[in-house]
Amino acid sequence: MSTAPILVIGSTGKTGSRIARTLTRRGFDVRHGSRRSAVPFDWDRPETWGPALSGVSSAYVSYFPDLAFPGAPEKIAALTECAATAGVGRLVLLSGRGEVHAQACEDIVRNSGLDYTLIRAAWFAQNFSEGYLRDAVLEGLITLPAGDVREPIIDADDIADVAVAALTEDRHGGALYEVTGPALLGFDEVAAALSSAAGRPVAYQPITLEQFHAGMAATAGPMIADVLTGICRETLDGRNASLGDGVQRALGRAPRDFADYCRSAAASGAWQQAA
Ligand SMILES: NC(=O)c1ccc[n+]([C@@H]2O[C@H](COP(=O)([O-])OP(=O)(O)OC[C@H]3O[C@@H](n4cnc5c(N)ncnc54)[C@H](OP(=O)(O)O)[C@@H]3O)[C@@H](O)[C@H]2O)c1
């Protein structure tokens with residue numbers, strides 16, 4: 001086992017924080033990769049990439065804000081070049097299921113000449129407790145352009161466990177893991193599970209893509225609204241309504257259930273509001 005550090009890009013985020021925590025608990029030397037870390041990593045400052053990648057055995061790459069944003073393929077390509085120059089042993093890329101832009105970035109990593117593992121993830125459960133849908137849970141109304149589509153929502157703890165395996169074990173080289181939860185869930189079922197765990201009413205209301213875009217444009221601006229609406233158009237049209245076997249293949253165990261996530265998020269105080 002290498003004693004060189006492992007770089008976790010996005011180490012303060014939903015997946016990266018879990019990966020960094022688990023690696024540290026298991027005795028690995030973790031180099032945190034965020035704009036605030038000791039060796040900073042900033043996607044908007046390429047001069048930070050070389051020092052962050054220098055001397056690491058492997059690197060976890062979660063792109064911010066999303067691989068669908070303009071400029072992402074160019075940055076992923078430049079990062080792979082930087083990683084090759086630094087002699088990084090393996091890149092572990094977090095990608096999104098059913099997303100054309102994300103899969104173009106997977107191809108860049110696949111064709112980079114570096115050893116790699118691709119983690120193609122379903123919707124994260126933690127979107128509802130640590131992400132942009134937490135406020136919707138607190139307000140009791142989740143509005144999404146999802147109709148009655150069913151999504152195999154995954155717990156970020158499972159993504160982190162797959163990533164830790166890929167960062168530390170040889171056998172994941174060249175693998176593509178489609179990671180999903182164990183069941184397809186309609187967003188009405190998601191709302192019911194959240195409601196029961198959070199102890200407050202939470203409903204789901206389907207909206208059109210146009211309504212979603214208008215809401216996003218009003219709060220985040222037209223460019224972000226365009227990209228996020230594009231992601232919804234791709235990922236909520238039914239193409240992802242199937243289960244992936246990535247957690248089972250990488251870890252030899254089943255993924256965690258959404259109801260378990262709800263219970264542990266509630267127990268950790270995720271939906272308590274400051275008095
Ligand atoms: N949410 C989903 O359902 C879903 C599903 C599939 C795939 N994905 C993919 O997941 C990725 C995001 O991963 P995540 O949810 O674990 O992260 P996240 O929770 O969105 O965390 C964002 C991370 O990015 C960092 N960050 C923000 N701006 C940065 C910048 N300019 N340069 C460097 N780092 C920056 C933040 O660190 P600092 O602020 O400390 O710098 C933080 O560590 C996206 O690429 C998305 O496509 C998400």
# chains A, B, ... in the order shown; residues from 1 in each chain; ligands from 1

call {"tool": "residues_around", "arguments": {"residues": "A:Gln248", "least_positions_apart": "3", "cutoff": "10 Å", "atoms": "only C-alpha atoms", "output": "PyMOL selection string"}}
result
chain A and resi 162+177-180+182+244-245+251-255

call {"tool": "residues_around", "arguments": {"residues": "A:Phe41", "least_positions_apart": "4", "cutoff": "12 Å", "atoms": "only C-alpha atoms", "output": "CSV table (one decimal) with N, CA and C atoms, in the first residue's frame"}}
result
chain,number,residue,atom,x,y,z
A,7,LEU,N,-5.3,12.8,-2.8
A,7,LEU,CA,-6.0,14.1,-3.0
A,7,LEU,C,-7.5,13.9,-3.1
A,8,VAL,N,-8.3,14.6,-2.3
A,8,VAL,CA,-9.7,14.6,-2.4
A,8,VAL,C,-10.2,16.0,-2.9
A,9,ILE,N,-10.5,16.1,-4.2
A,9,ILE,CA,-11.0,17.4,-4.7
A,9,ILE,C,-12.5,17.5,-4.3
A,10,GLY,N,-12.8,18.6,-3.7
A,10,GLY,CA,-14.2,18.8,-3.2
A,10,GLY,C,-14.3,18.2,-1.8
A,11,SER,N,-13.3,18.3,-1.0
A,11,SER,CA,-13.2,17.7,0.3
A,11,SER,C,-14.1,18.3,1.3
A,12,THR,N,-14.8,19.4,1.0
A,12,THR,CA,-15.7,19.9,2.0
A,12,THR,C,-17.2,19.7,1.5
A,31,ARG,N,-4.9,14.6,1.4
A,31,ARG,CA,-4.6,16.0,1.0
A,31,ARG,C,-6.0,16.5,0.6
A,32,HIS,N,-6.5,17.5,1.4
A,32,HIS,CA,-7.8,18.1,1.2
A,32,HIS,C,-7.7,19.0,0.0
A,33,GLY,N,-8.7,19.0,-0.9
A,33,GLY,CA,-8.7,19.8,-2.1
A,33,GLY,C,-9.9,20.7,-2.1
A,34,SER,N,-9.8,21.8,-1.5
A,34,SER,CA,-10.9,22.8,-1.5
A,34,SER,C,-10.2,24.2,-1.6
A,35,ARG,N,-11.0,25.2,-1.8
A,35,ARG,CA,-10.4,26.5,-1.9
A,35,ARG,C,-9.8,27.0,-0.6
A,36,ARG,N,-10.3,26.3,0.5
A,36,ARG,CA,-9.9,26.7,1.9
A,36,ARG,C,-8.9,25.8,2.5
A,37,SER,N,-8.4,24.8,1.7
A,37,SER,CA,-7.5,23.8,2.4
A,37,SER,C,-6.0,24.3,2.4
A,45,ARG,N,-8.5,28.5,-10.7
A,45,ARG,CA,-7.1,29.0,-10.7
A,45,ARG,C,-6.2,27.8,-11.0
A,46,PRO,N,-6.0,27.5,-12.3
A,46,PRO,CA,-5.3,26.3,-12.7
A,46,PRO,C,-3.9,26.2,-12.1
A,47,GLU,N,-3.4,27.4,-11.7
A,47,GLU,CA,-2.0,27.4,-11.0
A,47,GLU,C,-2.0,26.6,-9.7
A,48,THR,N,-3.2,26.4,-9.1
A,48,THR,CA,-3.3,25.6,-7.9
A,48,THR,C,-3.3,24.1,-8.1
A,49,TRP,N,-3.5,23.7,-9.3
A,49,TRP,CA,-3.7,22.2,-9.6
A,49,TRP,C,-2.4,21.4,-9.4
A,50,GLY,N,-1.3,22.0,-10.0
A,50,GLY,CA,-0.1,21.2,-9.9
A,50,GLY,C,0.4,20.9,-8.5
A,51,PRO,N,0.4,22.0,-7.6
A,51,PRO,CA,0.8,21.7,-6.2
A,51,PRO,C,-0.1,20.7,-5.5
A,52,ALA,N,-1.4,20.8,-5.8
A,52,ALA,CA,-2.3,19.9,-5.2
A,52,ALA,C,-2.1,18.5,-5.6
A,53,LEU,N,-1.8,18.3,-6.9
A,53,LEU,CA,-1.6,16.9,-7.4
A,53,LEU,C,-0.2,16.4,-7.2
A,54,SER,N,0.7,17.2,-6.8
A,54,SER,CA,2.1,16.8,-6.7
A,54,SER,C,2.3,15.7,-5.6
A,61,VAL,N,-12.0,13.2,-8.0
A,61,VAL,CA,-12.3,14.4,-8.7
A,61,VAL,C,-13.8,14.6,-8.7
A,62,SER,N,-14.3,15.5,-7.9
A,62,SER,CA,-15.7,15.9,-8.0
A,62,SER,C,-15.6,17.4,-8.5
A,63,TYR,N,-16.3,17.6,-9.7
A,63,TYR,CA,-16.2,18.9,-10.3
A,63,TYR,C,-17.3,19.8,-9.7
A,64,PHE,N,-16.9,21.1,-9.6
A,64,PHE,CA,-17.9,22.0,-9.2
A,64,PHE,C,-18.1,23.1,-10.2
A,79,LEU,N,-6.9,19.1,-16.3
A,79,LEU,CA,-6.5,18.5,-15.1
A,79,LEU,C,-5.9,17.1,-15.3

call {"tool": "residues_around", "arguments": {"residues": "stretch 81-95 of chain A", "least_positions_apart": "5", "cutoff": "8 Å", "atoms": "only C-alpha atoms", "output": "number ranges by chain"}}
result
A: 49-50, 53-63, 67, 102-103, 106, 109, 112, 114-121, 163, 166-167, 173

call {"tool": "residues_around", "arguments": {"residues": "A:Glu139", "least_positions_apart": "6", "cutoff": "12 Å", "atoms": "only C-alpha atoms", "output": "ChimeraX atom specification"}}
result
/A:128,133,191,195,198,200-204,271-273

call {"tool": "residues_around", "arguments": {"residues": "A:Gly98", "least_positions_apart": "6", "cutoff": "9 Å", "atoms": "only C-alpha atoms", "output": "NGL selection string"}}
result
:A and (120 or 122 or 234-235 or 239-240)

call {"tool": "atom_distance", "arguments": {"atom1": "atom CA of A:Asp66", "atom2": "atom CA of A:Ser242"}}
result
22.4 Å

call {"tool": "residues_around", "arguments": {"residues": "A:Gly181", "least_positions_apart": "6", "cutoff": "10 Å", "atoms": "only C-alpha atoms", "output": "PyMOL selection string"}}
result
chain A and resi 121-125+151-156+158-159+243-247+254-258

call {"tool": "select_by_dssp", "arguments": {"residues": "stretch 128-245 of chain A", "states": "alpha helix (DSSP H)", "output": "VMD selection string"}}
result
chain A and resid 134 to 139 156 to 168 187 to 198 209 to 220 222 to 235

call {"tool": "residues_around", "arguments": {"residues": "stretch 214-216 of chain A", "least_positions_apart": "5", "cutoff": "10 Å", "atoms": "only C-alpha atoms", "output": "MDAnalysis selection string"}}
result
chainID A and resid 208:209 221:226 228:229

call {"tool": "write_last_selection", "arguments": {"atoms": "N, CA, C and O atoms", "output": "tab-separated table (two decimals), in the first residue's frame"}}
result
chain	number	residue	atom	x	y	z
A	208	THR	N	-43.62	21.91	-14.66
A	208	THR	CA	-43.07	21.74	-16.02
A	208	THR	C	-41.62	22.23	-16.03
A	208	THR	O	-41.17	22.98	-15.14
A	209	LEU	N	-40.90	21.83	-17.07
A	209	LEU	CA	-39.54	22.32	-17.25
A	209	LEU	C	-39.53	23.84	-17.36
A	209	LEU	O	-38.61	24.51	-16.86
A	221	GLY	N	-30.28	33.21	-11.97
A	221	GLY	CA	-29.88	33.81	-13.24
A	221	GLY	C	-30.10	32.86	-14.41
A	221	GLY	O	-30.19	31.64	-14.22
A	222	PRO	N	-30.16	33.42	-15.63
A	222	PRO	CA	-30.56	32.61	-16.79
A	222	PRO	C	-29.56	31.53	-17.19
A	222	PRO	O	-29.96	30.44	-17.61
A	223	MET	N	-28.25	31.78	-17.02
A	223	MET	CA	-27.27	30.77	-17.46
A	223	MET	C	-27.39	29.51	-16.59
A	223	MET	O	-27.49	28.40	-17.09
A	224	ILE	N	-27.43	29.73	-15.27
A	224	ILE	CA	-27.54	28.58	-14.37
A	224	ILE	C	-28.88	27.88	-14.59
A	224	ILE	O	-28.96	26.64	-14.60
A	225	ALA	N	-29.93	28.67	-14.81
A	225	ALA	CA	-31.25	28.07	-15.07
A	225	ALA	C	-31.20	27.20	-16.32
A	225	ALA	O	-31.77	26.10	-16.35
A	226	ASP	N	-30.51	27.67	-17.36
A	226	ASP	CA	-30.40	26.87	-18.60
A	226	ASP	C	-29.73	25.53	-18.32
A	226	ASP	O	-30.20	24.48	-18.76
A	228	LEU	N	-29.22	23.90	-15.40
A	228	LEU	CA	-29.94	23.01	-14.49
A	228	LEU	C	-31.19	22.43	-15.14
A	228	LEU	O	-31.55	21.27	-14.91
A	229	THR	N	-31.84	23.25	-15.97
A	229	THR	CA	-33.02	22.73	-16.68
A	229	THR	C	-32.59	21.64	-17.67
A	229	THR	O	-33.27	20.61	-17.82

call {"tool": "select_by_dssp", "arguments": {"residues": "stretch 102-155 of chain A", "states": "strand (DSSP E or B)", "output": "PyMOL selection string"}}
result
chain A and resi 116-121+124+141-144+150-151+154

call {"tool": "atom_distance", "arguments": {"atom1": "atom CA of A:Arg21", "atom2": "atom 17 (O, counted along the ligand's line) of ligand 1"}}
result
14.6 Å
